[in-house]
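Source file: protein_6.tsv (TSV, C-alpha atoms and all ligand atoms)
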```tsv
chain	number	residue	atom	x	y	z
A	1	MET	CA	0.00	0.00	0.00
A	2	PHE	CA	2.74	2.47	0.91
A	3	GLU	CA	4.63	1.68	-2.32
A	4	TYR	CA	1.50	2.81	-4.13
A	5	VAL	CA	1.21	5.88	-1.88
A	6	ALA	CA	4.86	6.74	-2.59
A	7	GLY	CA	4.21	6.54	-6.33
A	8	ALA	CA	1.20	8.84	-6.01
A	9	VAL	CA	3.23	11.45	-4.08
A	10	VAL	CA	6.13	11.26	-6.55
A	11	ASP	CA	3.65	11.76	-9.42
A	12	SER	CA	2.26	14.87	-7.66
A	13	GLU	CA	5.58	16.72	-7.49
A	14	ALA	CA	4.67	19.36	-10.08
A	15	GLU	CA	1.24	20.02	-8.53
A	16	LEU	CA	2.76	20.44	-5.04
A	17	THR	CA	5.49	22.72	-6.37
A	18	VAL	CA	2.93	25.05	-7.94
A	19	ILE	CA	1.00	25.28	-4.66
A	20	ASP	CA	4.02	25.87	-2.41
A	21	LYS	CA	5.34	28.49	-4.86
A	22	LYS	CA	2.21	30.58	-4.38
A	23	ILE	CA	2.39	30.83	-0.59
A	24	GLY	CA	5.65	29.19	0.44
A	25	ASP	CA	9.19	28.81	-0.82
A	26	GLY	CA	8.28	26.36	-3.57
A	27	ASP	CA	10.22	23.36	-2.29
A	28	HIS	CA	7.40	21.16	-1.00
A	29	GLY	CA	6.98	19.14	-4.22
A	30	THR	CA	10.73	18.53	-4.43
A	31	ASN	CA	10.93	17.61	-0.73
A	32	MET	CA	8.03	15.17	-0.89
A	33	ALA	CA	9.14	13.57	-4.16
A	34	LEU	CA	12.66	13.15	-2.82
A	35	GLY	CA	11.41	11.51	0.37
A	36	PHE	CA	8.84	9.23	-1.22
A	37	ARG	CA	11.11	8.17	-4.09
A	38	GLU	CA	13.46	6.88	-1.40
A	39	VAL	CA	10.53	5.33	0.52
A	40	ARG	CA	9.53	3.38	-2.59
A	41	LYS	CA	13.10	2.16	-3.04
A	42	GLU	CA	13.40	1.09	0.62
A	43	LEU	CA	10.05	-0.70	0.65
A	44	ARG	CA	10.95	-2.62	-2.51
A	45	ALA	CA	14.41	-3.57	-1.25
A	46	LYS	CA	13.60	-4.63	2.31
A	47	GLU	CA	11.67	-7.42	3.98
A	48	PHE	CA	9.42	-6.69	6.93
A	49	ASP	CA	8.28	-8.88	9.80
A	50	SER	CA	5.48	-6.61	10.93
A	51	VAL	CA	3.23	-3.72	9.96
A	52	ASN	CA	5.09	-1.68	12.56
A	53	GLU	CA	8.38	-2.10	10.69
A	54	VAL	CA	6.77	-0.86	7.49
A	55	PHE	CA	5.51	2.31	9.19
A	56	HIS	CA	8.90	2.80	10.83
A	57	CYS	CA	10.71	2.43	7.52
A	58	VAL	CA	8.45	4.98	5.78
A	59	GLY	CA	8.78	7.53	8.59
A	60	MET	CA	12.52	7.16	9.13
A	61	THR	CA	13.19	7.41	5.41
A	62	LEU	CA	11.19	10.63	5.19
A	63	LEU	CA	12.96	12.00	8.24
A	64	ASP	CA	16.39	11.15	6.83
A	65	THR	CA	15.86	12.27	3.24
A	66	MET	CA	13.48	15.24	3.34
A	67	GLY	CA	15.20	17.18	6.09
A	68	GLY	CA	13.86	20.44	7.52
A	69	ALA	CA	10.61	20.96	9.35
A	70	SER	CA	8.48	19.03	6.89
A	71	GLY	CA	10.80	15.99	7.08
A	72	VAL	CA	10.24	15.86	10.83
A	73	LEU	CA	6.49	16.41	10.49
A	74	PHE	CA	5.84	13.86	7.74
A	75	GLY	CA	8.25	11.46	9.47
A	76	THR	CA	6.20	11.88	12.64
A	77	LEU	CA	3.01	11.06	10.73
A	78	PHE	CA	4.34	7.54	10.08
A	79	ILE	CA	6.66	6.85	13.02
A	80	SER	CA	4.82	8.13	16.09
A	81	GLY	CA	1.72	5.99	15.72
A	82	ILE	CA	3.58	2.70	16.13
A	83	VAL	CA	5.81	3.66	19.06
A	84	GLY	CA	5.27	1.14	21.84
A	85	LEU	CA	2.73	-0.81	19.80
A	86	THR	CA	2.82	-4.63	19.87
A	87	PRO	CA	4.07	-5.90	16.49
A	88	LEU	CA	1.15	-6.48	14.11
A	89	LYS	CA	1.21	-9.13	11.37
A	90	ALA	CA	-1.77	-7.60	9.63
A	91	ILE	CA	-3.66	-4.35	9.70
A	92	ASP	CA	-7.37	-3.65	9.93
A	93	LEU	CA	-9.32	-0.41	10.07
A	94	ALA	CA	-9.32	-0.19	13.87
A	95	ALA	CA	-5.53	-0.59	14.07
A	96	LEU	CA	-4.92	1.86	11.24
A	97	ALA	CA	-7.21	4.44	12.86
A	98	LYS	CA	-5.45	4.09	16.21
A	99	ILE	CA	-2.00	4.42	14.64
A	100	PHE	CA	-2.89	7.63	12.82
A	101	GLN	CA	-4.69	8.99	15.89
A	102	LYS	CA	-1.47	8.62	17.86
A	103	SER	CA	0.51	10.19	15.03
A	104	LEU	CA	-1.86	13.16	14.95
A	105	THR	CA	-1.33	13.76	18.67
A	106	ALA	CA	2.46	13.65	18.19
A	107	LEU	CA	2.28	15.89	15.11
A	108	LYS	CA	0.32	18.56	16.98
A	109	LYS	CA	2.66	18.34	19.95
A	110	ARG	CA	5.73	18.69	17.77
A	111	GLY	CA	4.53	21.38	15.36
A	112	LYS	CA	2.21	23.23	17.77
A	113	ALA	CA	-0.30	23.80	14.96
A	114	ARG	CA	-4.02	23.24	15.48
A	115	VAL	CA	-6.92	22.95	13.05
A	116	GLY	CA	-7.39	26.32	11.36
A	117	ASP	CA	-3.69	27.24	11.26
A	118	LYS	CA	-3.49	26.22	7.57
A	119	THR	CA	-1.11	23.26	7.88
A	120	MET	CA	-1.14	19.52	7.22
A	121	VAL	CA	-2.93	19.15	10.59
A	122	ASP	CA	-6.09	20.51	8.93
A	123	ALA	CA	-6.14	17.43	6.68
A	124	VAL	CA	-4.86	14.81	9.15
A	125	GLU	CA	-7.35	15.60	11.92
A	126	PRO	CA	-10.58	15.06	9.91
A	127	ALA	CA	-9.01	12.02	8.23
A	128	VAL	CA	-8.34	10.45	11.65
A	129	ALA	CA	-11.82	11.38	12.90
A	130	ALA	CA	-13.38	9.65	9.87
A	131	LEU	CA	-11.20	6.55	10.31
A	132	LEU	CA	-12.14	6.28	13.99
A	133	GLU	CA	-15.83	6.76	13.27
A	134	ALA	CA	-15.79	4.14	10.51
A	135	ALA	CA	-13.87	1.72	12.74
A	136	ALA	CA	-16.35	2.22	15.59
A	137	ALA	CA	-19.17	1.45	13.14
A	138	GLY	CA	-17.43	-1.80	12.21
A	139	GLN	CA	-16.89	-0.81	8.59
A	140	PRO	CA	-14.40	-2.71	6.39
A	141	LEU	CA	-10.98	-1.22	5.63
A	142	ALA	CA	-11.86	-0.06	2.11
A	143	GLN	CA	-14.93	1.84	3.26
A	144	GLY	CA	-13.13	3.34	6.25
A	145	LEU	CA	-10.23	4.50	4.13
A	146	ALA	CA	-12.61	6.03	1.60
A	147	ALA	CA	-14.12	8.02	4.48
A	148	GLY	CA	-10.63	8.92	5.73
A	149	ALA	CA	-9.65	10.17	2.27
A	150	ALA	CA	-12.85	12.24	2.05
A	151	GLY	CA	-12.04	13.73	5.46
A	152	ALA	CA	-8.51	14.61	4.40
A	153	ARG	CA	-9.81	16.18	1.21
A	154	ALA	CA	-12.40	18.27	3.06
A	155	GLY	CA	-9.70	19.41	5.50
A	156	MET	CA	-7.43	20.32	2.61
A	157	GLU	CA	-10.24	22.36	1.00
A	158	TYR	CA	-10.89	24.04	4.36
A	159	THR	CA	-7.29	25.39	4.43
A	160	LYS	CA	-8.30	27.77	1.60
A	161	GLN	CA	-10.38	29.71	4.14
A	162	CYS	CA	-7.54	29.95	6.66
A	163	VAL	CA	-4.71	32.40	7.16
A	164	ALA	CA	-1.36	30.66	7.62
A	165	ARG	CA	0.09	30.80	11.11
A	166	PHE	CA	3.02	28.39	10.61
A	167	GLY	CA	5.86	27.68	8.18
A	168	ARG	CA	6.92	29.86	5.28
A	169	ALA	CA	3.33	30.63	4.38
A	170	LYS	CA	2.97	32.62	7.61
A	171	SER	CA	4.78	35.61	6.11
A	172	PHE	CA	2.12	35.80	3.38
A	173	GLY	CA	-0.55	36.67	5.99
A	174	GLN	CA	-3.95	37.53	4.45
A	175	ALA	CA	-2.50	36.81	1.00
A	176	SER	CA	-2.66	33.11	1.86
A	177	LEU	CA	-6.48	33.27	1.85
A	178	GLY	CA	-8.13	31.40	-1.01
A	179	LEU	CA	-5.17	29.07	-1.52
A	180	GLU	CA	-4.74	25.61	-0.09
A	181	ASP	CA	-1.83	24.60	2.14
A	182	ALA	CA	0.73	22.45	0.34
A	183	GLY	CA	1.21	20.04	3.24
A	184	ALA	CA	-2.55	19.51	3.52
A	185	VAL	CA	-2.65	18.71	-0.20
A	186	SER	CA	0.09	16.11	0.37
A	187	VAL	CA	-1.88	14.51	3.21
A	188	SER	CA	-4.96	14.38	0.98
A	189	ILE	CA	-2.92	12.68	-1.76
A	190	ILE	CA	-1.54	10.15	0.77
A	191	PHE	CA	-4.97	9.15	2.13
A	192	ARG	CA	-6.55	9.08	-1.33
A	193	ALA	CA	-3.81	6.72	-2.52
A	194	MET	CA	-4.29	4.44	0.51
A	195	ALA	CA	-8.02	4.26	-0.23
A	196	GLN	CA	-7.46	3.64	-3.94
A	197	TRP	CA	-4.97	0.86	-3.29
A	198	VAL	CA	-7.29	-0.98	-0.91
A	199	GLN	CA	-10.22	-0.62	-3.31
A	200	GLN	CA	-8.19	-2.11	-6.14
B	301	LIG	P1	9.29	24.28	4.42
B	301	LIG	O1	8.18	25.03	5.09
B	301	LIG	O2	10.45	24.04	5.33
B	301	LIG	O3	9.68	24.87	3.10
B	301	LIG	P2	7.75	22.25	3.02
B	301	LIG	O4	7.46	23.29	2.00
B	301	LIG	O5	8.24	20.93	2.53
B	301	LIG	O6	8.75	22.79	4.12
B	301	LIG	O7	6.44	21.92	3.88
B	301	LIG	C1	5.60	22.92	4.31
B	301	LIG	C2	4.39	22.28	4.93
B	301	LIG	O8	4.69	21.79	6.22
B	301	LIG	C3	3.29	23.28	5.13
B	301	LIG	O9	2.49	23.37	3.97
B	301	LIG	C4	2.51	22.74	6.33
B	301	LIG	O10	1.47	21.88	5.94
B	301	LIG	C5	3.56	21.93	7.06
B	301	LIG	N1	3.96	22.63	8.27
B	301	LIG	C6	4.88	23.60	8.40
B	301	LIG	N2	5.00	23.98	9.70
B	301	LIG	C7	4.13	23.21	10.40
B	301	LIG	C8	3.78	23.08	11.80
B	301	LIG	N3	4.36	23.83	12.72
B	301	LIG	N4	2.85	22.16	12.13
B	301	LIG	C9	2.29	21.37	11.21
B	301	LIG	N5	2.56	21.43	9.89
B	301	LIG	C10	3.47	22.33	9.49
B	302	MG	MG	8.32	25.00	1.44
B	303	MG	MG	11.74	25.16	2.63
```
Just give me the structure of the file as structure tokens.
Ligand code: ADP
Ligand code: MG
Ligand code: MG
Amino acid sequence: MFEYVAGAVVDSEAELTVIDKKIGDGDHGTNMALGFREVRKELRAKEFDSVNEVFHCVGMTLLDTMGGASGVLFGTLFISGIVGLTPLKAIDLAALAKIFQKSLTALKKRGKARVGDKTMVDAVEPAVAALLEAAAAGQPLAQGLAAGAAGARAGMEYTKQCVARFGRAKSFGQASLGLEDAGAVSVSIIFRAMAQWVQQ
């Protein structure tokens, strides 16, 4: 699944560059493509004994290759959720929802951003809420991930109404209104790809 996600992010480089150029420093597409190209390579080359190891590999690779604030934040999205978790041989919706819930908590703690600050948090939080709700309703993974992807997308769209309070976009102030946050777009791409892969 994450090989497919990595491919989707790599294919979105140009789109992400355009967005981060408008209200950032224009490096988000390059950063994400660099990180996820390496993720794809690592996932193809290595063997994993647990779901946890897969998450760890994705997060550590992003942390090591992307660098900067976004490397830490996207690394956190994949690493923090599995810290202290018993090794899983398989993943279901409830486990996936719990992992990303924990990651969201760590992401907010690390970056200090909350919903409405026009960051990736705006997309992660509704995605996690949708995953948890679907899991509580006993839905299958494909359906839950479709809901998660819809949540991420809605959160990404919501960033258009927000004024940036973090990252490079902060200096654009009111000028950031009407435009989506690049990191939120990336999160939306990631969850959409997860949903697509499971559906296929
Ligand atoms: P940089 O800002 O260093 O150029 P990128 O352009 O790769 O890094 O990533 C910027 C994205 O990182 C933003 O669009 C935003 O979603 C996310 N981001 C930046 N700062 C924070 C923060 N403090 N908390 C959460 N997300 C953040
Ligand atoms: Mg940038
Ligand atoms: Mg930068």
Edge lengths and centre in Å to one decimal, as lines of an AutoDock Vina configuration file, is what I'm after for the box along x, y and z that holds all listed atoms of ligand LIG 301 (chain B) once 4 Å is added on each side.
```
center_x = 6.0
center_y = 23.0
center_z = 7.4
size_x = 17.0
size_y = 12.1
size_z = 18.7
```
Which of A:Asp64, A:Asp20, A:Asp49, A:Glu125 sits closest to ligand LIG 301 (chain B) [using all atoms listed in the file]: A:Asp20
Which of these residues is nearest to ligand MG 302 (chain B), using all atoms listed in the file: A:Ala182, A:Val39, A:Ala135, A:Ala94? A:Ala182
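Nearest-residue note for Lys109 of chain A: choosing from A:Met194, A:Leu132, A:Ala154, A:Leu77, the minimum distance belongs to A:Leu77, counting only C-alpha atoms.
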Which one is closest to Gly7 of chain A: A:Gly116, A:Gly26, A:Pro126, A:Gly35? Count all atoms listed in the file.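 Nearest to Gly7 of chain A: A:Gly35.
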Looking at all atoms listed in the file, which of A:Gly24, A:Gly167, A:Pro140, A:Gly84 is the one that sits closest to Lys102 of chain A?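 Checking each candidate against Lys102 of chain A, we get A:Gly84 as the closest.
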Please indicate the distance in Å from atom CA of Ala130 of chain A to atom CA of Gly148 of chain A, rounded to one decimal place.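 About the pair atom CA of Ala130 of chain A and atom CA of Gly148 of chain A: they are 5.0 Å apart.
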Residues of chain A within 9 Å of ligand LIG 301 (chain B): nearest atom pair and distance (Å, one decimal) for each, counting all atoms listed in the file, sorted by chain and number, as JSON lines?
```
{"residue": "A:Leu16", "atom": "CA", "partner": "B:LIG301", "partner_atom": "O4", "distance": 8.9}
{"residue": "A:Thr17", "atom": "CA", "partner": "B:LIG301", "partner_atom": "O4", "distance": 8.6}
{"residue": "A:Ile19", "atom": "CA", "partner": "B:LIG301", "partner_atom": "O9", "distance": 9.0}
{"residue": "A:Asp20", "atom": "CA", "partner": "B:LIG301", "partner_atom": "O4", "distance": 6.2}
{"residue": "A:Lys21", "atom": "CA", "partner": "B:LIG301", "partner_atom": "O4", "distance": 8.9}
{"residue": "A:Ile23", "atom": "CA", "partner": "B:LIG301", "partner_atom": "O9", "distance": 8.7}
{"residue": "A:Gly24", "atom": "CA", "partner": "B:LIG301", "partner_atom": "O4", "distance": 6.4}
{"residue": "A:Asp25", "atom": "CA", "partner": "B:LIG301", "partner_atom": "O3", "distance": 5.6}
{"residue": "A:Gly26", "atom": "CA", "partner": "B:LIG301", "partner_atom": "O4", "distance": 6.4}
{"residue": "A:Asp27", "atom": "CA", "partner": "B:LIG301", "partner_atom": "O4", "distance": 5.1}
{"residue": "A:His28", "atom": "CA", "partner": "B:LIG301", "partner_atom": "O5", "distance": 3.6}
{"residue": "A:Gly29", "atom": "CA", "partner": "B:LIG301", "partner_atom": "O5", "distance": 7.1}
{"residue": "A:Thr30", "atom": "CA", "partner": "B:LIG301", "partner_atom": "O5", "distance": 7.8}
{"residue": "A:Asn31", "atom": "CA", "partner": "B:LIG301", "partner_atom": "O5", "distance": 5.4}
{"residue": "A:Met32", "atom": "CA", "partner": "B:LIG301", "partner_atom": "O5", "distance": 6.7}
{"residue": "A:Met66", "atom": "CA", "partner": "B:LIG301", "partner_atom": "O5", "distance": 7.8}
{"residue": "A:Gly67", "atom": "CA", "partner": "B:LIG301", "partner_atom": "O2", "distance": 8.4}
{"residue": "A:Gly68", "atom": "CA", "partner": "B:LIG301", "partner_atom": "O2", "distance": 5.4}
{"residue": "A:Ala69", "atom": "CA", "partner": "B:LIG301", "partner_atom": "O2", "distance": 5.1}
{"residue": "A:Ser70", "atom": "CA", "partner": "B:LIG301", "partner_atom": "O7", "distance": 4.6}
{"residue": "A:Gly71", "atom": "CA", "partner": "B:LIG301", "partner_atom": "O5", "distance": 7.2}
{"residue": "A:Leu73", "atom": "CA", "partner": "B:LIG301", "partner_atom": "N5", "distance": 6.4}
{"residue": "A:Phe74", "atom": "CA", "partner": "B:LIG301", "partner_atom": "O8", "distance": 8.2}
{"residue": "A:Leu107", "atom": "CA", "partner": "B:LIG301", "partner_atom": "C9", "distance": 6.7}
{"residue": "A:Lys108", "atom": "CA", "partner": "B:LIG301", "partner_atom": "N4", "distance": 6.5}
{"residue": "A:Lys109", "atom": "CA", "partner": "B:LIG301", "partner_atom": "N4", "distance": 8.7}
{"residue": "A:Arg110", "atom": "CA", "partner": "B:LIG301", "partner_atom": "N4", "distance": 7.2}
{"residue": "A:Gly111", "atom": "CA", "partner": "B:LIG301", "partner_atom": "N3", "distance": 3.6}
{"residue": "A:Lys112", "atom": "CA", "partner": "B:LIG301", "partner_atom": "N3", "distance": 5.5}
{"residue": "A:Ala113", "atom": "CA", "partner": "B:LIG301", "partner_atom": "N4", "distance": 4.5}
{"residue": "A:Arg114", "atom": "CA", "partner": "B:LIG301", "partner_atom": "N4", "distance": 7.7}
{"residue": "A:Asp117", "atom": "CA", "partner": "B:LIG301", "partner_atom": "N4", "distance": 8.3}
{"residue": "A:Lys118", "atom": "CA", "partner": "B:LIG301", "partner_atom": "O10", "distance": 6.8}
{"residue": "A:Thr119", "atom": "CA", "partner": "B:LIG301", "partner_atom": "O10", "distance": 3.5}
{"residue": "A:Met120", "atom": "CA", "partner": "B:LIG301", "partner_atom": "O10", "distance": 3.7}
{"residue": "A:Val121", "atom": "CA", "partner": "B:LIG301", "partner_atom": "C9", "distance": 5.7}
{"residue": "A:Asp122", "atom": "CA", "partner": "B:LIG301", "partner_atom": "O10", "distance": 8.2}
{"residue": "A:Ala123", "atom": "CA", "partner": "B:LIG301", "partner_atom": "O10", "distance": 8.8}
{"residue": "A:Ala164", "atom": "CA", "partner": "B:LIG301", "partner_atom": "C4", "distance": 8.9}
{"residue": "A:Arg165", "atom": "CA", "partner": "B:LIG301", "partner_atom": "N3", "distance": 8.3}
{"residue": "A:Phe166", "atom": "CA", "partner": "B:LIG301", "partner_atom": "N2", "distance": 4.9}
{"residue": "A:Gly167", "atom": "CA", "partner": "B:LIG301", "partner_atom": "N2", "distance": 4.1}
{"residue": "A:Arg168", "atom": "CA", "partner": "B:LIG301", "partner_atom": "O1", "distance": 5.0}
{"residue": "A:Ala169", "atom": "CA", "partner": "B:LIG301", "partner_atom": "O9", "distance": 7.3}
{"residue": "A:Glu180", "atom": "CA", "partner": "B:LIG301", "partner_atom": "O9", "distance": 8.6}
{"residue": "A:Asp181", "atom": "CA", "partner": "B:LIG301", "partner_atom": "O9", "distance": 4.9}
{"residue": "A:Ala182", "atom": "CA", "partner": "B:LIG301", "partner_atom": "O9", "distance": 4.1}
{"residue": "A:Gly183", "atom": "CA", "partner": "B:LIG301", "partner_atom": "O10", "distance": 3.3}
{"residue": "A:Ala184", "atom": "CA", "partner": "B:LIG301", "partner_atom": "O10", "distance": 5.3}
{"residue": "A:Val185", "atom": "CA", "partner": "B:LIG301", "partner_atom": "O10", "distance": 8.0}
{"residue": "A:Ser186", "atom": "CA", "partner": "B:LIG301", "partner_atom": "O10", "distance": 8.1}
{"residue": "A:Val187", "atom": "CA", "partner": "B:LIG301", "partner_atom": "O10", "distance": 8.5}
```
